[in-house]
$ cat data-v4.pdb   # PDB, N, CA and C atoms, pLDDT in the B column
ATOM      1  N   MET L 216       0.840  -1.151   0.000  1.00 89.00           N
ATOM      2  CA  MET L 216       0.000   0.000   0.000  1.00 89.00           C
ATOM      3  C   MET L 216       0.899   1.232   0.000  1.00 89.00           C
ATOM      4  N   ILE L 217       0.536   2.189  -0.830  1.00 92.00           N
ATOM      5  CA  ILE L 217       1.291   3.431  -0.921  1.00 92.00           C
ATOM      6  C   ILE L 217       0.504   4.514  -0.187  1.00 92.00           C
ATOM      7  N   ILE L 218       1.178   5.215   0.702  1.00 94.00           N
ATOM      8  CA  ILE L 218       0.557   6.295   1.461  1.00 94.00           C
ATOM      9  C   ILE L 218       1.344   7.568   1.193  1.00 94.00           C
ATOM     10  N   SER L 219       0.604   8.644   0.925  1.00 95.00           N
ATOM     11  CA  SER L 219       1.262   9.929   0.735  1.00 95.00           C
ATOM     12  C   SER L 219       0.473  11.007   1.471  1.00 95.00           C
ATOM     13  N   VAL L 220       1.172  12.109   1.765  1.00 95.00           N
ATOM     14  CA  VAL L 220       0.585  13.236   2.478  1.00 95.00           C
ATOM     15  C   VAL L 220       0.855  14.492   1.657  1.00 95.00           C
ATOM     16  N   ALA L 221      -0.147  15.387   1.593  1.00 95.00           N
ATOM     17  CA  ALA L 221       0.022  16.647   0.877  1.00 95.00           C
ATOM     18  C   ALA L 221      -0.592  17.775   1.682  1.00 95.00           C
ATOM     19  N   SER L 222       0.045  18.941   1.619  1.00 92.00           N
ATOM     20  CA  SER L 222      -0.537  20.167   2.170  1.00 92.00           C
ATOM     21  C   SER L 222      -1.441  20.759   1.103  1.00 92.00           C
ATOM     22  N   LEU L 223      -2.618  21.193   1.502  1.00 92.00           N
ATOM     23  CA  LEU L 223      -3.553  21.802   0.565  1.00 92.00           C
ATOM     24  C   LEU L 223      -3.511  23.318   0.701  1.00 92.00           C
ATOM     25  N   THR L 224      -3.965  24.014  -0.322  1.00 88.00           N
ATOM     26  CA  THR L 224      -3.943  25.478  -0.286  1.00 88.00           C
ATOM     27  C   THR L 224      -4.800  26.022   0.857  1.00 88.00           C
ATOM     28  N   SER L 225      -5.773  25.251   1.320  1.00 89.00           N
ATOM     29  CA  SER L 225      -6.633  25.667   2.430  1.00 89.00           C
ATOM     30  C   SER L 225      -5.918  25.605   3.777  1.00 89.00           C
ATOM     31  N   GLY L 226      -4.719  24.993   3.791  1.00 88.00           N
ATOM     32  CA  GLY L 226      -3.994  24.817   5.046  1.00 88.00           C
ATOM     33  C   GLY L 226      -4.236  23.454   5.673  1.00 88.00           C
ATOM     34  N   HIS L 227      -5.187  22.715   5.132  1.00 94.00           N
ATOM     35  CA  HIS L 227      -5.448  21.366   5.622  1.00 94.00           C
ATOM     36  C   HIS L 227      -4.444  20.391   5.011  1.00 94.00           C
ATOM     37  N   LEU L 228      -4.486  19.168   5.480  1.00 95.00           N
ATOM     38  CA  LEU L 228      -3.587  18.121   4.986  1.00 95.00           C
ATOM     39  C   LEU L 228      -4.416  16.972   4.430  1.00 95.00           C
ATOM     40  N   GLU L 229      -3.934  16.373   3.347  1.00 95.00           N
ATOM     41  CA  GLU L 229      -4.621  15.233   2.750  1.00 95.00           C
ATOM     42  C   GLU L 229      -3.734  14.005   2.848  1.00 95.00           C
ATOM     43  N   VAL L 230      -4.332  12.908   3.286  1.00 96.00           N
ATOM     44  CA  VAL L 230      -3.652  11.610   3.281  1.00 96.00           C
ATOM     45  C   VAL L 230      -4.302  10.793   2.177  1.00 96.00           C
ATOM     46  N   LEU L 231      -3.476  10.288   1.260  1.00 95.00           N
ATOM     47  CA  LEU L 231      -3.943   9.466   0.147  1.00 95.00           C
ATOM     48  C   LEU L 231      -3.405   8.057   0.323  1.00 95.00           C
ATOM     49  N   ILE L 232      -4.308   7.083   0.227  1.00 94.00           N
ATOM     50  CA  ILE L 232      -3.961   5.664   0.314  1.00 94.00           C
ATOM     51  C   ILE L 232      -4.212   5.046  -1.060  1.00 94.00           C
ATOM     52  N   GLN L 233      -3.239   4.289  -1.568  1.00 92.00           N
ATOM     53  CA  GLN L 233      -3.410   3.655  -2.874  1.00 92.00           C
ATOM     54  C   GLN L 233      -2.979   2.194  -2.825  1.00 92.00           C
ATOM     55  N   ARG L 234      -3.746   1.362  -3.498  1.00 85.00           N
ATOM     56  CA  ARG L 234      -3.368  -0.028  -3.752  1.00 85.00           C
ATOM     57  C   ARG L 234      -3.259  -0.165  -5.265  1.00 85.00           C
ATOM     58  N   PRO L 235      -2.082   0.120  -5.815  1.00 76.00           N
ATOM     59  CA  PRO L 235      -1.928   0.167  -7.269  1.00 76.00           C
ATOM     60  C   PRO L 235      -2.339  -1.122  -7.987  1.00 76.00           C
ATOM     61  N   GLN L 236      -2.071  -2.269  -7.373  1.00 79.00           N
ATOM     62  CA  GLN L 236      -2.393  -3.521  -8.039  1.00 79.00           C
ATOM     63  C   GLN L 236      -3.893  -3.706  -8.232  1.00 79.00           C
ATOM     64  N   HIS L 237      -4.705  -2.984  -7.437  1.00 76.00           N
ATOM     65  CA  HIS L 237      -6.161  -3.072  -7.560  1.00 76.00           C
ATOM     66  C   HIS L 237      -6.763  -1.773  -8.093  1.00 76.00           C
ATOM     67  N   HIS L 238      -5.916  -0.814  -8.440  1.00 82.00           N
ATOM     68  CA  HIS L 238      -6.365   0.505  -8.907  1.00 82.00           C
ATOM     69  C   HIS L 238      -7.320   1.144  -7.900  1.00 82.00           C
ATOM     70  N   ALA L 239      -7.080   0.908  -6.628  1.00 88.00           N
ATOM     71  CA  ALA L 239      -7.941   1.434  -5.568  1.00 88.00           C
ATOM     72  C   ALA L 239      -7.240   2.591  -4.874  1.00 88.00           C
ATOM     73  N   ARG L 240      -8.051   3.589  -4.484  1.00 91.00           N
ATOM     74  CA  ARG L 240      -7.488   4.733  -3.779  1.00 91.00           C
ATOM     75  C   ARG L 240      -8.557   5.368  -2.904  1.00 91.00           C
ATOM     76  N   ALA L 241      -8.103   6.020  -1.855  1.00 93.00           N
ATOM     77  CA  ALA L 241      -9.000   6.737  -0.956  1.00 93.00           C
ATOM     78  C   ALA L 241      -8.196   7.853  -0.308  1.00 93.00           C
ATOM     79  N   SER L 242      -8.893   8.917   0.069  1.00 94.00           N
ATOM     80  CA  SER L 242      -8.193  10.009   0.746  1.00 94.00           C
ATOM     81  C   SER L 242      -9.085  10.603   1.823  1.00 94.00           C
ATOM     82  N   ARG L 243      -8.430  11.262   2.757  1.00 96.00           N
ATOM     83  CA  ARG L 243      -9.122  11.983   3.831  1.00 96.00           C
ATOM     84  C   ARG L 243      -8.404  13.293   4.058  1.00 96.00           C
ATOM     85  N   ILE L 244      -9.165  14.290   4.454  1.00 96.00           N
ATOM     86  CA  ILE L 244      -8.617  15.609   4.760  1.00 96.00           C
ATOM     87  C   ILE L 244      -8.559  15.759   6.282  1.00 96.00           C
ATOM     88  N   TYR L 245      -7.441  16.287   6.753  1.00 97.00           N
ATOM     89  CA  TYR L 245      -7.227  16.479   8.189  1.00 97.00           C
ATOM     90  C   TYR L 245      -6.970  17.951   8.471  1.00 97.00           C
ATOM     91  N   GLN L 246      -7.314  18.376   9.684  1.00 96.00           N
ATOM     92  CA  GLN L 246      -7.125  19.758  10.114  1.00 96.00           C
ATOM     93  C   GLN L 246      -5.703  20.023  10.613  1.00 96.00           C
ATOM     94  N   SER L 247      -5.035  18.982  11.136  1.00 94.00           N
ATOM     95  CA  SER L 247      -3.732  19.219  11.760  1.00 94.00           C
ATOM     96  C   SER L 247      -2.753  18.085  11.472  1.00 94.00           C
ATOM     97  N   LEU L 248      -1.497  18.426  11.625  1.00 93.00           N
ATOM     98  CA  LEU L 248      -0.426  17.451  11.464  1.00 93.00           C
ATOM     99  C   LEU L 248      -0.520  16.373  12.538  1.00 93.00           C
ATOM    100  N   GLU L 249      -0.976  16.738  13.723  1.00 95.00           N
ATOM    101  CA  GLU L 249      -1.119  15.767  14.818  1.00 95.00           C
ATOM    102  C   GLU L 249      -2.138  14.690  14.455  1.00 95.00           C
ATOM    103  N   GLN L 250      -3.235  15.090  13.805  1.00 96.00           N
ATOM    104  CA  GLN L 250      -4.243  14.119  13.372  1.00 96.00           C
ATOM    105  C   GLN L 250      -3.673  13.178  12.317  1.00 96.00           C
ATOM    106  N   VAL L 251      -2.919  13.732  11.385  1.00 95.00           N
ATOM    107  CA  VAL L 251      -2.286  12.918  10.336  1.00 95.00           C
ATOM    108  C   VAL L 251      -1.332  11.921  10.977  1.00 95.00           C
ATOM    109  N   LYS L 252      -0.506  12.407  11.882  1.00 95.00           N
ATOM    110  CA  LYS L 252       0.481  11.546  12.536  1.00 95.00           C
ATOM    111  C   LYS L 252      -0.200  10.421  13.311  1.00 95.00           C
ATOM    112  N   ALA L 253      -1.264  10.727  14.037  1.00 96.00           N
ATOM    113  CA  ALA L 253      -1.978   9.696  14.796  1.00 96.00           C
ATOM    114  C   ALA L 253      -2.524   8.621  13.872  1.00 96.00           C
ATOM    115  N   THR L 254      -3.095   9.025  12.746  1.00 96.00           N
ATOM    116  CA  THR L 254      -3.630   8.052  11.783  1.00 96.00           C
ATOM    117  C   THR L 254      -2.515   7.178  11.226  1.00 96.00           C
ATOM    118  N   LEU L 255      -1.422   7.797  10.830  1.00 95.00           N
ATOM    119  CA  LEU L 255      -0.321   7.034  10.223  1.00 95.00           C
ATOM    120  C   LEU L 255       0.352   6.109  11.238  1.00 95.00           C
ATOM    121  N   LEU L 256       0.427   6.528  12.483  1.00 95.00           N
ATOM    122  CA  LEU L 256       0.943   5.635  13.527  1.00 95.00           C
ATOM    123  C   LEU L 256       0.019   4.422  13.680  1.00 95.00           C
ATOM    124  N   ASN L 257      -1.292   4.644  13.587  1.00 93.00           N
ATOM    125  CA  ASN L 257      -2.253   3.535  13.656  1.00 93.00           C
ATOM    126  C   ASN L 257      -2.094   2.573  12.488  1.00 93.00           C
ATOM    127  N   PHE L 258      -1.559   3.059  11.387  1.00 93.00           N
ATOM    128  CA  PHE L 258      -1.319   2.208  10.218  1.00 93.00           C
ATOM    129  C   PHE L 258      -0.010   1.434  10.337  1.00 93.00           C
ATOM    130  N   GLY L 259       0.719   1.644  11.428  1.00 92.00           N
ATOM    131  CA  GLY L 259       1.934   0.874  11.659  1.00 92.00           C
ATOM    132  C   GLY L 259       3.211   1.505  11.154  1.00 92.00           C
ATOM    133  N   ILE L 260       3.148   2.761  10.757  1.00 93.00           N
ATOM    134  CA  ILE L 260       4.372   3.438  10.326  1.00 93.00           C
ATOM    135  C   ILE L 260       5.119   3.879  11.581  1.00 93.00           C
ATOM    136  N   ALA L 261       6.392   3.572  11.632  1.00 93.00           N
ATOM    137  CA  ALA L 261       7.206   3.870  12.815  1.00 93.00           C
ATOM    138  C   ALA L 261       7.276   5.376  13.059  1.00 93.00           C
ATOM    139  N   GLU L 262       7.222   5.763  14.328  1.00 94.00           N
ATOM    140  CA  GLU L 262       7.217   7.180  14.705  1.00 94.00           C
ATOM    141  C   GLU L 262       8.463   7.904  14.194  1.00 94.00           C
ATOM    142  N   LYS L 263       9.612   7.256  14.276  1.00 94.00           N
ATOM    143  CA  LYS L 263      10.848   7.894  13.812  1.00 94.00           C
ATOM    144  C   LYS L 263      10.789   8.164  12.305  1.00 94.00           C
ATOM    145  N   VAL L 264      10.285   7.201  11.552  1.00 92.00           N
ATOM    146  CA  VAL L 264      10.139   7.366  10.099  1.00 92.00           C
ATOM    147  C   VAL L 264       9.177   8.518   9.802  1.00 92.00           C
ATOM    148  N   LEU L 265       8.067   8.548  10.528  1.00 93.00           N
ATOM    149  CA  LEU L 265       7.079   9.616  10.338  1.00 93.00           C
ATOM    150  C   LEU L 265       7.661  10.979  10.657  1.00 93.00           C
ATOM    151  N   ASP L 266       8.338  11.090  11.789  1.00 93.00           N
ATOM    152  CA  ASP L 266       8.906  12.372  12.189  1.00 93.00           C
ATOM    153  C   ASP L 266       9.882  12.891  11.136  1.00 93.00           C
ATOM    154  N   GLU L 267      10.731  12.017  10.637  1.00 92.00           N
ATOM    155  CA  GLU L 267      11.703  12.420   9.610  1.00 92.00           C
ATOM    156  C   GLU L 267      11.002  12.841   8.327  1.00 92.00           C
ATOM    157  N   ALA L 268      10.008  12.076   7.910  1.00 91.00           N
ATOM    158  CA  ALA L 268       9.305  12.374   6.663  1.00 91.00           C
ATOM    159  C   ALA L 268       8.473  13.651   6.784  1.00 91.00           C
ATOM    160  N   LEU L 269       7.733  13.790   7.868  1.00 91.00           N
ATOM    161  CA  LEU L 269       6.831  14.931   8.007  1.00 91.00           C
ATOM    162  C   LEU L 269       7.576  16.256   8.174  1.00 91.00           C
ATOM    163  N   LYS L 270       8.860  16.189   8.563  1.00 92.00           N
ATOM    164  CA  LYS L 270       9.677  17.409   8.633  1.00 92.00           C
ATOM    165  C   LYS L 270       9.852  18.016   7.241  1.00 92.00           C
ATOM    166  N   LEU L 271       9.753  17.183   6.211  1.00 92.00           N
ATOM    167  CA  LEU L 271       9.948  17.648   4.834  1.00 92.00           C
ATOM    168  C   LEU L 271       8.707  18.312   4.255  1.00 92.00           C
ATOM    169  N   LEU L 272       7.560  18.056   4.848  1.00 90.00           N
ATOM    170  CA  LEU L 272       6.290  18.543   4.303  1.00 90.00           C
ATOM    171  C   LEU L 272       6.252  20.054   4.070  1.00 90.00           C
ATOM    172  N   PRO L 273       6.741  20.886   4.997  1.00 89.00           N
ATOM    173  CA  PRO L 273       6.689  22.343   4.760  1.00 89.00           C
ATOM    174  C   PRO L 273       7.518  22.802   3.555  1.00 89.00           C
ATOM    175  N   GLN L 274       8.466  21.980   3.119  1.00 92.00           N
ATOM    176  CA  GLN L 274       9.309  22.348   1.985  1.00 92.00           C
ATOM    177  C   GLN L 274       8.611  22.117   0.648  1.00 92.00           C
ATOM    178  N   LEU L 275       7.503  21.359   0.668  1.00 90.00           N
ATOM    179  CA  LEU L 275       6.779  21.057  -0.562  1.00 90.00           C
ATOM    180  C   LEU L 275       5.742  22.135  -0.838  1.00 90.00           C
ATOM    181  N   GLY L 276       5.437  22.322  -2.099  1.00 88.00           N
ATOM    182  CA  GLY L 276       4.384  23.258  -2.469  1.00 88.00           C
ATOM    183  C   GLY L 276       3.015  22.645  -2.229  1.00 88.00           C
ATOM    184  N   ALA L 277       1.994  23.485  -2.276  1.00 85.00           N
ATOM    185  CA  ALA L 277       0.617  23.011  -2.088  1.00 85.00           C
ATOM    186  C   ALA L 277       0.289  21.942  -3.129  1.00 85.00           C
ATOM    187  N   GLY L 278      -0.225  20.830  -2.658  1.00 85.00           N
ATOM    188  CA  GLY L 278      -0.620  19.736  -3.548  1.00 85.00           C
ATOM    189  C   GLY L 278       0.487  18.754  -3.862  1.00 85.00           C
ATOM    190  N   GLU L 279       1.754  19.109  -3.597  1.00 92.00           N
ATOM    191  CA  GLU L 279       2.843  18.160  -3.824  1.00 92.00           C
ATOM    192  C   GLU L 279       2.770  17.068  -2.764  1.00 92.00           C
ATOM    193  N   ARG L 280       3.018  15.828  -3.184  1.00 94.00           N
ATOM    194  CA  ARG L 280       2.848  14.685  -2.301  1.00 94.00           C
ATOM    195  C   ARG L 280       4.174  14.227  -1.708  1.00 94.00           C
ATOM    196  N   LEU L 281       4.100  13.923  -0.421  1.00 94.00           N
ATOM    197  CA  LEU L 281       5.219  13.332   0.301  1.00 94.00           C
ATOM    198  C   LEU L 281       4.908  11.845   0.436  1.00 94.00           C
ATOM    199  N   ASN L 282       5.653  11.015  -0.281  1.00 93.00           N
ATOM    200  CA  ASN L 282       5.412   9.571  -0.249  1.00 93.00           C
ATOM    201  C   ASN L 282       6.128   8.941   0.935  1.00 93.00           C
ATOM    202  N   LEU L 283       5.398   8.089   1.640  1.00 93.00           N
ATOM    203  CA  LEU L 283       5.954   7.364   2.777  1.00 93.00           C
ATOM    204  C   LEU L 283       6.334   5.960   2.335  1.00 93.00           C
ATOM    205  N   PRO L 284       7.173   5.263   3.113  1.00 88.00           N
ATOM    206  CA  PRO L 284       7.534   3.891   2.751  1.00 88.00           C
ATOM    207  C   PRO L 284       6.278   3.017   2.657  1.00 88.00           C
ATOM    208  N   PRO L 285       6.235   2.094   1.676  1.00 89.00           N
ATOM    209  CA  PRO L 285       5.072   1.205   1.542  1.00 89.00           C
ATOM    210  C   PRO L 285       4.846   0.383   2.809  1.00 89.00           C
ATOM    211  N   VAL L 286       3.579   0.186   3.144  1.00 90.00           N
ATOM    212  CA  VAL L 286       3.207  -0.603   4.321  1.00 90.00           C
ATOM    213  C   VAL L 286       1.996  -1.471   3.983  1.00 90.00           C
ATOM    214  N   ASP L 287       1.825  -2.541   4.751  1.00 91.00           N
ATOM    215  CA  ASP L 287       0.629  -3.363   4.661  1.00 91.00           C
ATOM    216  C   ASP L 287      -0.305  -2.928   5.781  1.00 91.00           C
ATOM    217  N   VAL L 288      -1.471  -2.426   5.401  1.00 90.00           N
ATOM    218  CA  VAL L 288      -2.460  -1.986   6.383  1.00 90.00           C
ATOM    219  C   VAL L 288      -3.707  -2.853   6.212  1.00 90.00           C
ATOM    220  N   PRO L 289      -4.111  -3.567   7.253  1.00 89.00           N
ATOM    221  CA  PRO L 289      -5.326  -4.372   7.149  1.00 89.00           C
ATOM    222  C   PRO L 289      -6.541  -3.508   6.812  1.00 89.00           C
ATOM    223  N   HIS L 290      -7.453  -4.089   6.041  1.00 87.00           N
ATOM    224  CA  HIS L 290      -8.644  -3.358   5.605  1.00 87.00           C
ATOM    225  C   HIS L 290      -9.426  -2.786   6.781  1.00 87.00           C
ATOM    226  N   HIS L 291      -9.562  -3.552   7.854  1.00 90.00           N
ATOM    227  CA  HIS L 291     -10.341  -3.060   8.996  1.00 90.00           C
ATOM    228  C   HIS L 291      -9.698  -1.836   9.650  1.00 90.00           C
ATOM    229  N   ASP L 292      -8.364  -1.730   9.579  1.00 91.00           N
ATOM    230  CA  ASP L 292      -7.690  -0.542  10.112  1.00 91.00           C
ATOM    231  C   ASP L 292      -7.975   0.678   9.236  1.00 91.00           C
ATOM    232  N   LEU L 293      -8.029   0.468   7.915  1.00 91.00           N
ATOM    233  CA  LEU L 293      -8.372   1.557   7.008  1.00 91.00           C
ATOM    234  C   LEU L 293      -9.782   2.073   7.291  1.00 91.00           C
ATOM    235  N   VAL L 294     -10.716   1.136   7.422  1.00 91.00           N
ATOM    236  CA  VAL L 294     -12.112   1.493   7.684  1.00 91.00           C
ATOM    237  C   VAL L 294     -12.239   2.214   9.017  1.00 91.00           C
ATOM    238  N   ALA L 295     -11.512   1.740  10.028  1.00 92.00           N
ATOM    239  CA  ALA L 295     -11.569   2.359  11.350  1.00 92.00           C
ATOM    240  C   ALA L 295     -11.106   3.814  11.310  1.00 92.00           C
ATOM    241  N   GLU L 296     -10.231   4.143  10.382  1.00 93.00           N
ATOM    242  CA  GLU L 296      -9.728   5.520  10.245  1.00 93.00           C
ATOM    243  C   GLU L 296     -10.522   6.330   9.221  1.00 93.00           C
ATOM    244  N   GLY L 297     -11.585   5.730   8.686  1.00 92.00           N
ATOM    245  CA  GLY L 297     -12.459   6.468   7.767  1.00 92.00           C
ATOM    246  C   GLY L 297     -12.097   6.388   6.305  1.00 92.00           C
ATOM    247  N   PHE L 298     -11.251   5.450   5.921  1.00 92.00           N
ATOM    248  CA  PHE L 298     -10.881   5.271   4.516  1.00 92.00           C
ATOM    249  C   PHE L 298     -11.708   4.154   3.900  1.00 92.00           C
ATOM    250  N   SER L 299     -12.203   4.399   2.695  1.00 87.00           N
ATOM    251  CA  SER L 299     -12.944   3.390   1.960  1.00 87.00           C
ATOM    252  C   SER L 299     -12.321   3.304   0.566  1.00 87.00           C
ATOM    253  N   LEU L 300     -11.546   2.247   0.336  1.00 77.00           N
ATOM    254  CA  LEU L 300     -10.872   2.107  -0.951  1.00 77.00           C
ATOM    255  C   LEU L 300     -11.873   1.778  -2.038  1.00 77.00           C
ATOM    256  N   LEU L 301     -11.845   2.557  -3.107  1.00 66.00           N
ATOM    257  CA  LEU L 301     -12.750   2.355  -4.241  1.00 66.00           C
ATOM    258  C   LEU L 301     -12.007   1.779  -5.406  1.00 66.00           C
TER     259      LEU L 301
END
$ encode --input "data-v4.pdb" --output "structure tokens"
Amino acid sequence: MIISVASLTSGHLEVLIQRPQHHARASRIYQSLEQVKATLLNFGIAEKVLDEALKLLPQLGAGERLNLPPVDVPHHDLVAEGFSLL
């Protein structure tokens, strides 16, 4: 599963989840970096990896995506966080 984060022009953050082999994707908009971090920690991404990656986010322009290392996230964990892969 590919997970990426982008800053939006509104100041919010978008988390995009993709399963390329199934052409499935879902996204959610968050109000804060803390909310994004909590969700990604629930997906099993290590805190150190997240901290290092999310430090780069302010350097990206609006809409540019910060790709995180691929992870396997169980479907029920995605649903619990409000993602519905289409």
$ resolve_selection --input "data-v4.pdb" --expression "the PyMOL selection byres ((chain L and resi 219) around 6.5)" --output "PyMOL selection string"
chain L and resi 217-218+220-221+229-233+280-283
$ resolve_selection --input "data-v4.pdb" --expression "the PyMOL selection byres (((chain L and resi 272 and name CA) around 10) and name CA)" --output "short mmCIF file (atom, residue, chain, number, x, y, z; two decimals) with N, CA and C atoms, keeping the file's coordinate frame"
data_model
loop_
_atom_site.label_atom_id
_atom_site.label_comp_id
_atom_site.auth_asym_id
_atom_site.auth_seq_id
_atom_site.Cartn_x
_atom_site.Cartn_y
_atom_site.Cartn_z
N VAL L 220 1.17 12.11 1.76
CA VAL L 220 0.58 13.24 2.48
C VAL L 220 0.86 14.49 1.66
N ALA L 221 -0.15 15.39 1.59
CA ALA L 221 0.02 16.65 0.88
C ALA L 221 -0.59 17.77 1.68
N SER L 222 0.04 18.94 1.62
CA SER L 222 -0.54 20.17 2.17
C SER L 222 -1.44 20.76 1.10
N LEU L 228 -4.49 19.17 5.48
CA LEU L 228 -3.59 18.12 4.99
C LEU L 228 -4.42 16.97 4.43
N LEU L 248 -1.50 18.43 11.62
CA LEU L 248 -0.43 17.45 11.46
C LEU L 248 -0.52 16.37 12.54
N GLU L 267 10.73 12.02 10.64
CA GLU L 267 11.70 12.42 9.61
C GLU L 267 11.00 12.84 8.33
N ALA L 268 10.01 12.08 7.91
CA ALA L 268 9.30 12.37 6.66
C ALA L 268 8.47 13.65 6.78
N LEU L 269 7.73 13.79 7.87
CA LEU L 269 6.83 14.93 8.01
C LEU L 269 7.58 16.26 8.17
N LYS L 270 8.86 16.19 8.56
CA LYS L 270 9.68 17.41 8.63
C LYS L 270 9.85 18.02 7.24
N LEU L 271 9.75 17.18 6.21
CA LEU L 271 9.95 17.65 4.83
C LEU L 271 8.71 18.31 4.26
N PRO L 273 6.74 20.89 5.00
CA PRO L 273 6.69 22.34 4.76
C PRO L 273 7.52 22.80 3.56
N GLN L 274 8.47 21.98 3.12
CA GLN L 274 9.31 22.35 1.98
C GLN L 274 8.61 22.12 0.65
N LEU L 275 7.50 21.36 0.67
CA LEU L 275 6.78 21.06 -0.56
C LEU L 275 5.74 22.14 -0.84
N GLY L 276 5.44 22.32 -2.10
CA GLY L 276 4.38 23.26 -2.47
C GLY L 276 3.02 22.64 -2.23
N ALA L 277 1.99 23.48 -2.28
CA ALA L 277 0.62 23.01 -2.09
C ALA L 277 0.29 21.94 -3.13
N GLU L 279 1.75 19.11 -3.60
CA GLU L 279 2.84 18.16 -3.82
C GLU L 279 2.77 17.07 -2.76
N ARG L 280 3.02 15.83 -3.18
CA ARG L 280 2.85 14.68 -2.30
C ARG L 280 4.17 14.23 -1.71
N LEU L 281 4.10 13.92 -0.42
CA LEU L 281 5.22 13.33 0.30
C LEU L 281 4.91 11.84 0.44
#
$ axis_aligned_box --input "data-v4.pdb" --around "range 292-301 of chain L" --padding-each-side "4 Å" --output "JSON"
{"center_x": -10.3, "center_y": 2.4, "center_z": 3.0, "size_x": 13.3, "size_y": 16.2, "size_z": 24.8}
$ atom_distance --input "data-v4.pdb" --atom1 "CA of Lys252 in chain L" --atom2 "CA of Pro235 in chain L"
23.0 Å
$ residues_near_point --input "data-v4.pdb" --point "(-7.0, 11.4, 8.6)" --cutoff "6.5 Å" --atoms "only N, CA and C atoms" --output "list of chain:residue names"
L:Val230, L:Arg243, L:Ile244, L:Tyr245, L:Gln250, L:Val251, L:Thr254, L:Glu296
$ select_by_dssp --input "data-v4.pdb" --residues "chain L" --states "alpha helix (DSSP H)" --output "list in words"
Leu248, Glu249, Gln250, Val251, Lys252, Ala253, Thr254, Leu255, Leu256, Asn257, Glu262, Lys263, Val264, Leu265, Asp266, Glu267, Ala268, Leu269, His290, His291, Asp292, Leu293, Val294 and Ala295 of chain L
$ write_last_selection --input "data-v4.pdb" --atoms "N, CA and C atoms" --output "short mmCIF file (atom, residue, chain, number, x, y, z; two decimals), in the coordinates of the input"
data_model
loop_
_atom_site.label_atom_id
_atom_site.label_comp_id
_atom_site.auth_asym_id
_atom_site.auth_seq_id
_atom_site.Cartn_x
_atom_site.Cartn_y
_atom_site.Cartn_z
N LEU L 248 -1.50 18.43 11.62
CA LEU L 248 -0.43 17.45 11.46
C LEU L 248 -0.52 16.37 12.54
N GLU L 249 -0.98 16.74 13.72
CA GLU L 249 -1.12 15.77 14.82
C GLU L 249 -2.14 14.69 14.46
N GLN L 250 -3.24 15.09 13.80
CA GLN L 250 -4.24 14.12 13.37
C GLN L 250 -3.67 13.18 12.32
N VAL L 251 -2.92 13.73 11.38
CA VAL L 251 -2.29 12.92 10.34
C VAL L 251 -1.33 11.92 10.98
N LYS L 252 -0.51 12.41 11.88
CA LYS L 252 0.48 11.55 12.54
C LYS L 252 -0.20 10.42 13.31
N ALA L 253 -1.26 10.73 14.04
CA ALA L 253 -1.98 9.70 14.80
C ALA L 253 -2.52 8.62 13.87
N THR L 254 -3.10 9.02 12.75
CA THR L 254 -3.63 8.05 11.78
C THR L 254 -2.52 7.18 11.23
N LEU L 255 -1.42 7.80 10.83
CA LEU L 255 -0.32 7.03 10.22
C LEU L 255 0.35 6.11 11.24
N LEU L 256 0.43 6.53 12.48
CA LEU L 256 0.94 5.64 13.53
C LEU L 256 0.02 4.42 13.68
N ASN L 257 -1.29 4.64 13.59
CA ASN L 257 -2.25 3.54 13.66
C ASN L 257 -2.09 2.57 12.49
N GLU L 262 7.22 5.76 14.33
CA GLU L 262 7.22 7.18 14.70
C GLU L 262 8.46 7.90 14.19
N LYS L 263 9.61 7.26 14.28
CA LYS L 263 10.85 7.89 13.81
C LYS L 263 10.79 8.16 12.30
N VAL L 264 10.28 7.20 11.55
CA VAL L 264 10.14 7.37 10.10
C VAL L 264 9.18 8.52 9.80
N LEU L 265 8.07 8.55 10.53
CA LEU L 265 7.08 9.62 10.34
C LEU L 265 7.66 10.98 10.66
N ASP L 266 8.34 11.09 11.79
CA ASP L 266 8.91 12.37 12.19
C ASP L 266 9.88 12.89 11.14
N GLU L 267 10.73 12.02 10.64
CA GLU L 267 11.70 12.42 9.61
C GLU L 267 11.00 12.84 8.33
N ALA L 268 10.01 12.08 7.91
CA ALA L 268 9.30 12.37 6.66
C ALA L 268 8.47 13.65 6.78
N LEU L 269 7.73 13.79 7.87
CA LEU L 269 6.83 14.93 8.01
C LEU L 269 7.58 16.26 8.17
N HIS L 290 -7.45 -4.09 6.04
CA HIS L 290 -8.64 -3.36 5.60
C HIS L 290 -9.43 -2.79 6.78
N HIS L 291 -9.56 -3.55 7.85
CA HIS L 291 -10.34 -3.06 9.00
C HIS L 291 -9.70 -1.84 9.65
N ASP L 292 -8.36 -1.73 9.58
CA ASP L 292 -7.69 -0.54 10.11
C ASP L 292 -7.98 0.68 9.24
N LEU L 293 -8.03 0.47 7.92
CA LEU L 293 -8.37 1.56 7.01
C LEU L 293 -9.78 2.07 7.29
N VAL L 294 -10.72 1.14 7.42
CA VAL L 294 -12.11 1.49 7.68
C VAL L 294 -12.24 2.21 9.02
N ALA L 295 -11.51 1.74 10.03
CA ALA L 295 -11.57 2.36 11.35
C ALA L 295 -11.11 3.81 11.31
#
$ atom_distance --input "data-v4.pdb" --atom1 "atom C of Ala261 in chain L" --atom2 "atom N of His237 in chain L"
25.2 Å
$ closest_residue --input "data-v4.pdb" --among "L:Pro289, L:Gly297, L:Gly226, L:Gly278" --to "Ser242 in chain L" --atoms "all atoms listed in the file"
L:Gly297
$ atom_distance --input "data-v4.pdb" --atom1 "CA of His291 in chain L" --atom2 "atom C of Asp266 in chain L"
25.8 Å
$ select_by_dssp --input "data-v4.pdb" --residues "chain L" --states "strand (DSSP E or B)" --output "VMD selection string"
chain L and resid 217 to 222 228 to 234 239 to 245 280 to 282
$ closest_residue --input "data-v4.pdb" --among "L:Arg240, L:Lys263, L:Phe258, L:Ser299" --to "Asp287 in chain L" --atoms "only N, CA and C atoms"
L:Phe258
